>>> print(open('coords.cif').read())   # mmCIF, N, CA and C atoms
data_query
#
loop_
_atom_site.label_atom_id
_atom_site.label_comp_id
_atom_site.auth_asym_id
_atom_site.auth_seq_id
_atom_site.Cartn_x
_atom_site.Cartn_y
_atom_site.Cartn_z
N THR A 1 18.02 14.99 -3.69
CA THR A 1 19.29 14.66 -4.31
C THR A 1 19.20 14.75 -5.83
N ASP A 2 20.23 15.31 -6.40
CA ASP A 2 20.31 15.43 -7.85
C ASP A 2 21.49 14.59 -8.32
N PRO A 3 21.25 13.56 -9.11
CA PRO A 3 22.36 12.69 -9.54
C PRO A 3 23.37 13.39 -10.43
N ASP A 4 23.00 14.53 -11.01
CA ASP A 4 23.93 15.27 -11.87
C ASP A 4 24.78 16.28 -11.11
N ALA A 5 24.39 16.65 -9.90
CA ALA A 5 25.12 17.65 -9.12
C ALA A 5 26.45 17.07 -8.63
N ARG A 6 27.40 17.96 -8.37
CA ARG A 6 28.73 17.55 -7.89
C ARG A 6 29.18 18.50 -6.78
N VAL A 7 30.15 18.03 -6.01
CA VAL A 7 30.72 18.84 -4.95
C VAL A 7 31.74 19.80 -5.55
N GLY A 8 31.56 21.07 -5.25
CA GLY A 8 32.50 22.09 -5.70
C GLY A 8 33.09 22.80 -4.50
N HIS A 9 34.11 23.62 -4.74
CA HIS A 9 34.79 24.33 -3.65
C HIS A 9 34.91 25.80 -3.99
N LYS A 10 34.47 26.66 -3.07
CA LYS A 10 34.68 28.10 -3.23
C LYS A 10 36.06 28.47 -2.68
N THR A 11 36.47 27.80 -1.60
CA THR A 11 37.80 27.96 -1.02
C THR A 11 38.27 26.57 -0.62
N ALA A 12 39.49 26.47 -0.12
CA ALA A 12 40.01 25.18 0.32
C ALA A 12 39.19 24.61 1.47
N ASP A 13 38.56 25.49 2.26
CA ASP A 13 37.80 25.06 3.44
C ASP A 13 36.29 25.10 3.24
N SER A 14 35.83 25.55 2.10
CA SER A 14 34.39 25.75 1.90
C SER A 14 33.92 24.98 0.66
N SER A 15 33.00 24.05 0.86
CA SER A 15 32.48 23.29 -0.27
C SER A 15 30.97 23.45 -0.37
N PHE A 16 30.43 23.05 -1.52
CA PHE A 16 28.99 23.08 -1.74
C PHE A 16 28.63 21.92 -2.66
N PHE A 17 27.39 21.54 -2.69
CA PHE A 17 26.92 20.48 -3.56
C PHE A 17 25.91 21.07 -4.53
N GLY A 18 26.19 20.96 -5.80
CA GLY A 18 25.24 21.51 -6.76
C GLY A 18 25.87 21.87 -8.08
N PHE A 19 25.54 23.07 -8.53
CA PHE A 19 25.93 23.56 -9.84
C PHE A 19 26.55 24.94 -9.72
N LYS A 20 27.24 25.38 -10.79
CA LYS A 20 27.83 26.71 -10.85
C LYS A 20 27.30 27.42 -12.09
N THR A 21 27.14 28.71 -11.97
CA THR A 21 26.85 29.53 -13.14
C THR A 21 28.06 30.42 -13.36
N HIS A 22 28.70 30.25 -14.50
CA HIS A 22 29.84 31.08 -14.89
C HIS A 22 29.25 32.21 -15.72
N ILE A 23 29.51 33.45 -15.34
CA ILE A 23 28.89 34.57 -16.04
C ILE A 23 29.92 35.59 -16.52
N ALA A 24 29.54 36.29 -17.56
CA ALA A 24 30.28 37.46 -18.04
C ALA A 24 29.31 38.62 -17.97
N MET A 25 29.82 39.78 -17.60
CA MET A 25 28.94 40.94 -17.55
C MET A 25 29.69 42.19 -17.98
N SER A 26 28.91 43.16 -18.43
CA SER A 26 29.45 44.43 -18.87
C SER A 26 29.80 45.30 -17.67
N ASP A 27 30.43 46.44 -17.94
CA ASP A 27 30.74 47.40 -16.87
C ASP A 27 29.47 47.87 -16.17
N GLU A 28 28.36 47.84 -16.91
CA GLU A 28 27.07 48.26 -16.34
C GLU A 28 26.38 47.12 -15.58
N ARG A 29 27.08 46.00 -15.45
CA ARG A 29 26.61 44.81 -14.73
C ARG A 29 25.45 44.11 -15.44
N ILE A 30 25.43 44.22 -16.75
CA ILE A 30 24.46 43.48 -17.56
C ILE A 30 25.10 42.15 -17.95
N ILE A 31 24.42 41.05 -17.68
CA ILE A 31 24.96 39.73 -18.01
C ILE A 31 24.97 39.57 -19.53
N THR A 32 26.15 39.26 -20.07
CA THR A 32 26.31 39.12 -21.52
C THR A 32 26.50 37.66 -21.94
N ALA A 33 26.79 36.77 -20.98
CA ALA A 33 26.95 35.35 -21.27
C ALA A 33 26.84 34.57 -19.96
N ALA A 34 26.34 33.36 -20.07
CA ALA A 34 26.24 32.48 -18.90
C ALA A 34 26.40 31.03 -19.33
N ILE A 35 27.09 30.27 -18.50
CA ILE A 35 27.27 28.84 -18.72
C ILE A 35 27.05 28.15 -17.38
N VAL A 36 26.18 27.14 -17.35
CA VAL A 36 25.91 26.39 -16.13
C VAL A 36 26.65 25.06 -16.21
N THR A 37 27.39 24.74 -15.14
CA THR A 37 28.12 23.48 -15.07
C THR A 37 27.89 22.83 -13.71
N THR A 38 28.37 21.63 -13.58
CA THR A 38 28.35 20.98 -12.27
C THR A 38 29.36 21.68 -11.37
N GLY A 39 29.20 21.50 -10.08
CA GLY A 39 29.95 22.27 -9.09
C GLY A 39 31.46 22.13 -9.12
N GLU A 40 31.97 21.02 -9.62
CA GLU A 40 33.42 20.80 -9.53
C GLU A 40 34.21 21.46 -10.66
N LYS A 41 33.55 22.04 -11.63
CA LYS A 41 34.24 22.62 -12.78
C LYS A 41 34.97 23.91 -12.41
N SER A 42 36.14 24.08 -13.00
CA SER A 42 36.98 25.25 -12.75
C SER A 42 36.47 26.45 -13.55
N ASP A 43 36.40 27.61 -12.92
CA ASP A 43 35.92 28.82 -13.59
C ASP A 43 36.76 29.19 -14.81
N GLY A 44 38.06 29.10 -14.66
CA GLY A 44 38.97 29.55 -15.71
C GLY A 44 38.81 28.83 -17.03
N LYS A 45 38.33 27.62 -17.01
CA LYS A 45 38.19 26.82 -18.23
C LYS A 45 37.11 27.38 -19.16
N TYR A 46 36.29 28.30 -18.68
CA TYR A 46 35.16 28.80 -19.46
C TYR A 46 35.35 30.21 -19.97
N LEU A 47 36.53 30.79 -19.78
CA LEU A 47 36.77 32.16 -20.23
C LEU A 47 36.53 32.32 -21.72
N LYS A 48 37.12 31.46 -22.54
CA LYS A 48 36.99 31.59 -23.99
C LYS A 48 35.51 31.50 -24.40
N ASP A 49 34.78 30.54 -23.86
CA ASP A 49 33.36 30.40 -24.21
C ASP A 49 32.56 31.63 -23.80
N LEU A 50 32.85 32.18 -22.63
CA LEU A 50 32.14 33.38 -22.18
C LEU A 50 32.46 34.58 -23.07
N VAL A 51 33.71 34.70 -23.48
CA VAL A 51 34.11 35.80 -24.37
C VAL A 51 33.40 35.66 -25.71
N GLU A 52 33.40 34.46 -26.27
CA GLU A 52 32.77 34.24 -27.57
C GLU A 52 31.27 34.50 -27.51
N LYS A 53 30.60 34.04 -26.45
CA LYS A 53 29.16 34.29 -26.30
C LYS A 53 28.90 35.80 -26.16
N SER A 54 29.76 36.49 -25.43
CA SER A 54 29.59 37.93 -25.26
C SER A 54 29.77 38.66 -26.58
N LYS A 55 30.77 38.25 -27.36
CA LYS A 55 30.98 38.85 -28.68
C LYS A 55 29.78 38.59 -29.59
N ASP A 56 29.26 37.36 -29.54
CA ASP A 56 28.09 37.02 -30.35
C ASP A 56 26.88 37.88 -29.96
N ALA A 57 26.85 38.31 -28.70
CA ALA A 57 25.76 39.16 -28.22
C ALA A 57 25.99 40.64 -28.55
N GLY A 58 27.11 40.93 -29.25
CA GLY A 58 27.37 42.29 -29.69
C GLY A 58 28.34 43.08 -28.82
N MET A 59 28.96 42.44 -27.85
CA MET A 59 29.90 43.14 -26.97
C MET A 59 31.26 43.33 -27.64
N THR A 60 31.87 44.47 -27.39
CA THR A 60 33.26 44.71 -27.74
C THR A 60 34.05 44.53 -26.46
N ILE A 61 35.07 43.69 -26.50
CA ILE A 61 35.80 43.36 -25.27
C ILE A 61 37.22 43.89 -25.36
N ASP A 62 37.57 44.76 -24.41
CA ASP A 62 38.94 45.26 -24.35
C ASP A 62 39.62 44.90 -23.04
N ARG A 63 38.82 44.49 -22.04
CA ARG A 63 39.38 44.16 -20.73
C ARG A 63 38.47 43.15 -20.04
N ILE A 64 39.09 42.17 -19.39
CA ILE A 64 38.35 41.21 -18.58
C ILE A 64 38.97 41.19 -17.19
N ILE A 65 38.12 41.27 -16.19
CA ILE A 65 38.58 41.22 -14.80
C ILE A 65 38.04 39.94 -14.19
N GLY A 66 38.94 39.14 -13.63
CA GLY A 66 38.53 37.88 -13.01
C GLY A 66 39.45 37.53 -11.86
N ASP A 67 39.05 36.53 -11.09
CA ASP A 67 39.89 36.11 -9.98
C ASP A 67 41.03 35.21 -10.47
N THR A 68 41.77 34.65 -9.54
CA THR A 68 42.96 33.85 -9.85
C THR A 68 42.67 32.69 -10.79
N ALA A 69 41.48 32.14 -10.76
CA ALA A 69 41.13 31.01 -11.62
C ALA A 69 41.28 31.34 -13.10
N TYR A 70 41.18 32.62 -13.45
CA TYR A 70 41.23 33.01 -14.85
C TYR A 70 42.64 33.26 -15.36
N SER A 71 43.65 33.19 -14.51
CA SER A 71 45.01 33.52 -14.93
C SER A 71 45.82 32.31 -15.40
N GLU A 72 45.15 31.24 -15.79
CA GLU A 72 45.90 30.08 -16.28
C GLU A 72 46.53 30.41 -17.64
N LYS A 73 47.56 29.68 -17.98
CA LYS A 73 48.37 29.95 -19.16
C LYS A 73 47.54 30.05 -20.44
N ASP A 74 46.61 29.12 -20.66
CA ASP A 74 45.79 29.16 -21.88
C ASP A 74 45.00 30.46 -21.98
N ASN A 75 44.50 30.96 -20.86
CA ASN A 75 43.73 32.20 -20.88
C ASN A 75 44.61 33.41 -21.16
N ILE A 76 45.82 33.41 -20.61
CA ILE A 76 46.76 34.50 -20.88
C ILE A 76 47.10 34.54 -22.37
N GLN A 77 47.35 33.37 -22.95
CA GLN A 77 47.66 33.30 -24.38
C GLN A 77 46.45 33.71 -25.22
N TYR A 78 45.27 33.29 -24.81
CA TYR A 78 44.04 33.65 -25.53
C TYR A 78 43.81 35.17 -25.50
N ALA A 79 44.03 35.78 -24.35
CA ALA A 79 43.87 37.23 -24.22
C ALA A 79 44.83 37.97 -25.16
N LYS A 80 46.05 37.48 -25.22
CA LYS A 80 47.03 38.11 -26.10
C LYS A 80 46.61 37.95 -27.56
N LYS A 81 46.19 36.75 -27.94
CA LYS A 81 45.78 36.46 -29.32
C LYS A 81 44.56 37.31 -29.71
N GLU A 82 43.61 37.44 -28.80
CA GLU A 82 42.37 38.18 -29.09
C GLU A 82 42.48 39.67 -28.79
N ASP A 83 43.65 40.08 -28.29
CA ASP A 83 43.96 41.49 -28.06
C ASP A 83 43.03 42.16 -27.03
N PHE A 84 42.89 41.51 -25.87
CA PHE A 84 42.22 42.17 -24.74
C PHE A 84 43.08 42.02 -23.51
N GLN A 85 42.89 42.91 -22.56
CA GLN A 85 43.65 42.89 -21.31
C GLN A 85 42.97 41.96 -20.32
N LEU A 86 43.72 41.01 -19.77
CA LEU A 86 43.22 40.10 -18.75
C LEU A 86 43.76 40.56 -17.40
N VAL A 87 42.88 41.02 -16.53
CA VAL A 87 43.25 41.50 -15.21
C VAL A 87 42.88 40.42 -14.22
N SER A 88 43.88 39.72 -13.71
CA SER A 88 43.66 38.60 -12.82
C SER A 88 44.94 38.31 -12.04
N LYS A 89 44.82 38.15 -10.75
CA LYS A 89 45.98 37.80 -9.94
C LYS A 89 46.55 36.48 -10.46
N LEU A 90 47.86 36.41 -10.63
CA LEU A 90 48.47 35.20 -11.16
C LEU A 90 48.34 34.04 -10.20
N ASN A 91 47.97 32.91 -10.75
CA ASN A 91 47.89 31.68 -9.98
C ASN A 91 49.31 31.23 -9.66
N PRO A 92 49.61 30.87 -8.41
CA PRO A 92 50.98 30.48 -8.07
C PRO A 92 51.45 29.22 -8.79
N LEU A 93 50.52 28.42 -9.32
CA LEU A 93 50.92 27.23 -10.09
C LEU A 93 51.38 27.62 -11.47
#
>>> encode(input="coords.cif", output="structure tokens")
Amino acid sequence: TDPDARVGHKTADSSFFGFKTHIAMSDERIITAAIVTTGEKSDGKYLKDLVEKSKDAGMTIDRIIGDTAYSEKDNIQYAKKEDFQLVSKLNPL
């Protein structure tokens, strides 16, 4: 047992106990940024940090592809402000 680990969900019916690694990678599948969090953290909340870490590593970002978690309002506004295309299915909320 790890006192720092938390229950996270991959789907509404699927849970896990532990940690998550949020990653950014290039088209060539090279990891350009990584952030480790407890399992319950939402992926979308880390988009800005992943983009900034990738830029610090020398990446030029013109497009980001992510799942529905990345289409929250703050991320859409951030993509527009930073002038990159955010490709993500819109969250129904």
>>> resolve_selection(input="coords.cif", expression="the PyMOL selection byres (((chain A and resi 83 and name CA) around 12) and name CA)", output="list in words")
Val51, Thr60, Ile61, Asp62, Arg63, Ile64, Asn75, Ile76, Gln77, Tyr78, Ala79, Lys80, Lys81, Glu82, Phe84, Gln85 and Leu86 of chain A
>>> write_last_selection(input="coords.cif", atoms="N, CA and C atoms", output="CSV table (one decimal), in the coordinates of the input")
chain,number,residue,atom,x,y,z
A,51,VAL,N,33.7,34.7,-23.5
A,51,VAL,CA,34.1,35.8,-24.4
A,51,VAL,C,33.4,35.7,-25.7
A,60,THR,N,31.9,44.5,-27.4
A,60,THR,CA,33.3,44.7,-27.7
A,60,THR,C,34.0,44.5,-26.5
A,61,ILE,N,35.1,43.7,-26.5
A,61,ILE,CA,35.8,43.4,-25.3
A,61,ILE,C,37.2,43.9,-25.4
A,62,ASP,N,37.6,44.8,-24.4
A,62,ASP,CA,38.9,45.3,-24.4
A,62,ASP,C,39.6,44.9,-23.0
A,63,ARG,N,38.8,44.5,-22.0
A,63,ARG,CA,39.4,44.2,-20.7
A,63,ARG,C,38.5,43.2,-20.0
A,64,ILE,N,39.1,42.2,-19.4
A,64,ILE,CA,38.4,41.2,-18.6
A,64,ILE,C,39.0,41.2,-17.2
A,75,ASN,N,44.5,31.0,-20.9
A,75,ASN,CA,43.7,32.2,-20.9
A,75,ASN,C,44.6,33.4,-21.2
A,76,ILE,N,45.8,33.4,-20.6
A,76,ILE,CA,46.8,34.5,-20.9
A,76,ILE,C,47.1,34.5,-22.4
A,77,GLN,N,47.4,33.4,-23.0
A,77,GLN,CA,47.7,33.3,-24.4
A,77,GLN,C,46.4,33.7,-25.2
A,78,TYR,N,45.3,33.3,-24.8
A,78,TYR,CA,44.0,33.6,-25.5
A,78,TYR,C,43.8,35.2,-25.5
A,79,ALA,N,44.0,35.8,-24.4
A,79,ALA,CA,43.9,37.2,-24.2
A,79,ALA,C,44.8,38.0,-25.2
A,80,LYS,N,46.0,37.5,-25.2
A,80,LYS,CA,47.0,38.1,-26.1
A,80,LYS,C,46.6,38.0,-27.6
A,81,LYS,N,46.2,36.8,-27.9
A,81,LYS,CA,45.8,36.5,-29.3
A,81,LYS,C,44.6,37.3,-29.7
A,82,GLU,N,43.6,37.4,-28.8
A,82,GLU,CA,42.4,38.2,-29.1
A,82,GLU,C,42.5,39.7,-28.8
A,84,PHE,N,42.9,41.5,-25.9
A,84,PHE,CA,42.2,42.2,-24.7
A,84,PHE,C,43.1,42.0,-23.5
A,85,GLN,N,42.9,42.9,-22.6
A,85,GLN,CA,43.6,42.9,-21.3
A,85,GLN,C,43.0,42.0,-20.3
A,86,LEU,N,43.7,41.0,-19.8
A,86,LEU,CA,43.2,40.1,-18.8
A,86,LEU,C,43.8,40.6,-17.4
>>> atom_distance(input="coords.cif", atom1="atom CA of A:Ser42", atom2="atom CA of A:Ala69")
7.2 Å
>>> resolve_selection(input="coords.cif", expression="the PyMOL selection byres (((chain A and resi 56-59 and name CA) around 12) and name CA)", output="JSON, numbers by chain")
{"A": [24, 25, 26, 27, 30, 31, 32, 33, 34, 49, 50, 51, 52, 53, 54, 55, 60, 61, 62, 63]}
>>> resolve_selection(input="coords.cif", expression="the PyMOL selection byres (((chain A and resi 2 and name CA) around 12) and name CA)", output="PDB file with N, CA and C atoms, in the frame of the given file")
ATOM      1  N   THR A   1      18.020  14.990  -3.690  1.00  0.00           N
ATOM      2  CA  THR A   1      19.290  14.660  -4.310  1.00  0.00           C
ATOM      3  C   THR A   1      19.200  14.750  -5.830  1.00  0.00           C
ATOM      4  N   PRO A   3      21.250  13.560  -9.110  1.00  0.00           N
ATOM      5  CA  PRO A   3      22.360  12.690  -9.540  1.00  0.00           C
ATOM      6  C   PRO A   3      23.370  13.390 -10.430  1.00  0.00           C
ATOM      7  N   ASP A   4      23.000  14.530 -11.010  1.00  0.00           N
ATOM      8  CA  ASP A   4      23.930  15.270 -11.870  1.00  0.00           C
ATOM      9  C   ASP A   4      24.780  16.280 -11.110  1.00  0.00           C
ATOM     10  N   ALA A   5      24.390  16.650  -9.900  1.00  0.00           N
ATOM     11  CA  ALA A   5      25.120  17.650  -9.120  1.00  0.00           C
ATOM     12  C   ALA A   5      26.450  17.070  -8.630  1.00  0.00           C
ATOM     13  N   ARG A   6      27.400  17.960  -8.370  1.00  0.00           N
ATOM     14  CA  ARG A   6      28.730  17.550  -7.890  1.00  0.00           C
ATOM     15  C   ARG A   6      29.180  18.500  -6.780  1.00  0.00           C
ATOM     16  N   VAL A   7      30.150  18.030  -6.010  1.00  0.00           N
ATOM     17  CA  VAL A   7      30.720  18.840  -4.950  1.00  0.00           C
ATOM     18  C   VAL A   7      31.740  19.800  -5.550  1.00  0.00           C
ATOM     19  N   PHE A  17      27.390  21.540  -2.690  1.00  0.00           N
ATOM     20  CA  PHE A  17      26.920  20.480  -3.560  1.00  0.00           C
ATOM     21  C   PHE A  17      25.910  21.070  -4.530  1.00  0.00           C
ATOM     22  N   GLY A  18      26.190  20.960  -5.800  1.00  0.00           N
ATOM     23  CA  GLY A  18      25.240  21.510  -6.760  1.00  0.00           C
ATOM     24  C   GLY A  18      25.870  21.870  -8.080  1.00  0.00           C
ATOM     25  N   PHE A  19      25.540  23.070  -8.530  1.00  0.00           N
ATOM     26  CA  PHE A  19      25.930  23.560  -9.840  1.00  0.00           C
ATOM     27  C   PHE A  19      26.550  24.940  -9.720  1.00  0.00           C
ATOM     28  N   THR A  38      28.370  21.630 -13.580  1.00  0.00           N
ATOM     29  CA  THR A  38      28.350  20.980 -12.270  1.00  0.00           C
ATOM     30  C   THR A  38      29.360  21.680 -11.370  1.00  0.00           C
ATOM     31  N   GLY A  39      29.200  21.500 -10.080  1.00  0.00           N
ATOM     32  CA  GLY A  39      29.950  22.270  -9.090  1.00  0.00           C
ATOM     33  C   GLY A  39      31.460  22.130  -9.120  1.00  0.00           C
TER      34      GLY A  39
END
>>> residues_around(input="coords.cif", residues="A:Val87", least_positions_apart="6", cutoff="8 Å", atoms="all atoms listed in the file", output="VMD selection string")
chain A and resid 63 to 68 70 to 71
>>> atom_distance(input="coords.cif", atom1="atom CA of A:Arg29", atom2="atom N of A:Pro92")
27.6 Å
>>> atom_distance(input="coords.cif", atom1="atom CA of A:Ser14", atom2="atom CA of A:Leu47")
23.2 Å
>>> select_by_dssp(input="coords.cif", residues="chain A", states="strand (DSSP E or B)", output="ChimeraX atom specification")
/A:6-11,14-25,31-38,63-65,85-87
>>> select_by_dssp(input="coords.cif", residues="stretch 3-89 of chain A", states="helix (DSSP H, G or I)", output="PyMOL selection string")
chain A and resi 43-56+68-71+73-82
>>> write_last_selection(input="coords.cif", atoms="N, CA and C atoms", output="PDB file, keeping the file's coordinate frame")
ATOM      1  N   ASP A  43      36.400  27.610 -12.920  1.00  0.00           N
ATOM      2  CA  ASP A  43      35.920  28.820 -13.590  1.00  0.00           C
ATOM      3  C   ASP A  43      36.760  29.190 -14.810  1.00  0.00           C
ATOM      4  N   GLY A  44      38.060  29.100 -14.660  1.00  0.00           N
ATOM      5  CA  GLY A  44      38.970  29.550 -15.710  1.00  0.00           C
ATOM      6  C   GLY A  44      38.810  28.830 -17.030  1.00  0.00           C
ATOM      7  N   LYS A  45      38.330  27.620 -17.010  1.00  0.00           N
ATOM      8  CA  LYS A  45      38.190  26.820 -18.230  1.00  0.00           C
ATOM      9  C   LYS A  45      37.110  27.380 -19.160  1.00  0.00           C
ATOM     10  N   TYR A  46      36.290  28.300 -18.680  1.00  0.00           N
ATOM     11  CA  TYR A  46      35.160  28.800 -19.460  1.00  0.00           C
ATOM     12  C   TYR A  46      35.350  30.210 -19.970  1.00  0.00           C
ATOM     13  N   LEU A  47      36.530  30.790 -19.780  1.00  0.00           N
ATOM     14  CA  LEU A  47      36.770  32.160 -20.230  1.00  0.00           C
ATOM     15  C   LEU A  47      36.530  32.320 -21.720  1.00  0.00           C
ATOM     16  N   LYS A  48      37.120  31.460 -22.540  1.00  0.00           N
ATOM     17  CA  LYS A  48      36.990  31.590 -23.990  1.00  0.00           C
ATOM     18  C   LYS A  48      35.510  31.500 -24.400  1.00  0.00           C
ATOM     19  N   ASP A  49      34.780  30.540 -23.860  1.00  0.00           N
ATOM     20  CA  ASP A  49      33.360  30.400 -24.210  1.00  0.00           C
ATOM     21  C   ASP A  49      32.560  31.630 -23.800  1.00  0.00           C
ATOM     22  N   LEU A  50      32.850  32.180 -22.630  1.00  0.00           N
ATOM     23  CA  LEU A  50      32.140  33.380 -22.180  1.00  0.00           C
ATOM     24  C   LEU A  50      32.460  34.580 -23.070  1.00  0.00           C
ATOM     25  N   VAL A  51      33.710  34.700 -23.480  1.00  0.00           N
ATOM     26  CA  VAL A  51      34.110  35.800 -24.370  1.00  0.00           C
ATOM     27  C   VAL A  51      33.400  35.660 -25.710  1.00  0.00           C
ATOM     28  N   GLU A  52      33.400  34.460 -26.270  1.00  0.00           N
ATOM     29  CA  GLU A  52      32.770  34.240 -27.570  1.00  0.00           C
ATOM     30  C   GLU A  52      31.270  34.500 -27.510  1.00  0.00           C
ATOM     31  N   LYS A  53      30.600  34.040 -26.450  1.00  0.00           N
ATOM     32  CA  LYS A  53      29.160  34.290 -26.300  1.00  0.00           C
ATOM     33  C   LYS A  53      28.900  35.800 -26.160  1.00  0.00           C
ATOM     34  N   SER A  54      29.760  36.490 -25.430  1.00  0.00           N
ATOM     35  CA  SER A  54      29.590  37.930 -25.260  1.00  0.00           C
ATOM     36  C   SER A  54      29.770  38.660 -26.580  1.00  0.00           C
ATOM     37  N   LYS A  55      30.770  38.250 -27.360  1.00  0.00           N
ATOM     38  CA  LYS A  55      30.980  38.850 -28.680  1.00  0.00           C
ATOM     39  C   LYS A  55      29.780  38.590 -29.590  1.00  0.00           C
ATOM     40  N   ASP A  56      29.260  37.360 -29.540  1.00  0.00           N
ATOM     41  CA  ASP A  56      28.090  37.020 -30.350  1.00  0.00           C
ATOM     42  C   ASP A  56      26.880  37.880 -29.960  1.00  0.00           C
ATOM     43  N   THR A  68      41.770  34.650  -9.540  1.00  0.00           N
ATOM     44  CA  THR A  68      42.960  33.850  -9.850  1.00  0.00           C
ATOM     45  C   THR A  68      42.670  32.690 -10.790  1.00  0.00           C
ATOM     46  N   ALA A  69      41.480  32.140 -10.760  1.00  0.00           N
ATOM     47  CA  ALA A  69      41.130  31.010 -11.620  1.00  0.00           C
ATOM     48  C   ALA A  69      41.280  31.340 -13.100  1.00  0.00           C
ATOM     49  N   TYR A  70      41.180  32.620 -13.450  1.00  0.00           N
ATOM     50  CA  TYR A  70      41.230  33.010 -14.850  1.00  0.00           C
ATOM     51  C   TYR A  70      42.640  33.260 -15.360  1.00  0.00           C
ATOM     52  N   SER A  71      43.650  33.190 -14.510  1.00  0.00           N
ATOM     53  CA  SER A  71      45.010  33.520 -14.930  1.00  0.00           C
ATOM     54  C   SER A  71      45.820  32.310 -15.400  1.00  0.00           C
ATOM     55  N   LYS A  73      47.560  29.680 -17.980  1.00  0.00           N
ATOM     56  CA  LYS A  73      48.370  29.950 -19.160  1.00  0.00           C
ATOM     57  C   LYS A  73      47.540  30.050 -20.440  1.00  0.00           C
ATOM     58  N   ASP A  74      46.610  29.120 -20.660  1.00  0.00           N
ATOM     59  CA  ASP A  74      45.790  29.160 -21.880  1.00  0.00           C
ATOM     60  C   ASP A  74      45.000  30.460 -21.980  1.00  0.00           C
ATOM     61  N   ASN A  75      44.500  30.960 -20.860  1.00  0.00           N
ATOM     62  CA  ASN A  75      43.730  32.200 -20.880  1.00  0.00           C
ATOM     63  C   ASN A  75      44.610  33.410 -21.160  1.00  0.00           C
ATOM     64  N   ILE A  76      45.820  33.410 -20.610  1.00  0.00           N
ATOM     65  CA  ILE A  76      46.760  34.500 -20.880  1.00  0.00           C
ATOM     66  C   ILE A  76      47.100  34.540 -22.370  1.00  0.00           C
ATOM     67  N   GLN A  77      47.350  33.370 -22.950  1.00  0.00           N
ATOM     68  CA  GLN A  77      47.660  33.300 -24.380  1.00  0.00           C
ATOM     69  C   GLN A  77      46.450  33.710 -25.220  1.00  0.00           C
ATOM     70  N   TYR A  78      45.270  33.290 -24.810  1.00  0.00           N
ATOM     71  CA  TYR A  78      44.040  33.650 -25.530  1.00  0.00           C
ATOM     72  C   TYR A  78      43.810  35.170 -25.500  1.00  0.00           C
ATOM     73  N   ALA A  79      44.030  35.780 -24.350  1.00  0.00           N
ATOM     74  CA  ALA A  79      43.870  37.230 -24.220  1.00  0.00           C
ATOM     75  C   ALA A  79      44.830  37.970 -25.160  1.00  0.00           C
ATOM     76  N   LYS A  80      46.050  37.480 -25.220  1.00  0.00           N
ATOM     77  CA  LYS A  80      47.030  38.110 -26.100  1.00  0.00           C
ATOM     78  C   LYS A  80      46.610  37.950 -27.560  1.00  0.00           C
ATOM     79  N   LYS A  81      46.190  36.750 -27.940  1.00  0.00           N
ATOM     80  CA  LYS A  81      45.780  36.460 -29.320  1.00  0.00           C
ATOM     81  C   LYS A  81      44.560  37.310 -29.710  1.00  0.00           C
ATOM     82  N   GLU A  82      43.610  37.440 -28.800  1.00  0.00           N
ATOM     83  CA  GLU A  82      42.370  38.180 -29.090  1.00  0.00           C
ATOM     84  C   GLU A  82      42.480  39.670 -28.790  1.00  0.00           C
TER      85      GLU A  82
END
>>> closest_residue(input="coords.cif", among="A:Glu28, A:Asp74, A:Ile23, A:Leu90", to="A:Lys45", atoms="only C-alpha atoms")
A:Asp74
>>> closest_residue(input="coords.cif", among="A:Tyr46, A:Thr37, A:Gly8, A:Asn91", to="A:Lys20", atoms="only C-alpha atoms")
A:Thr37
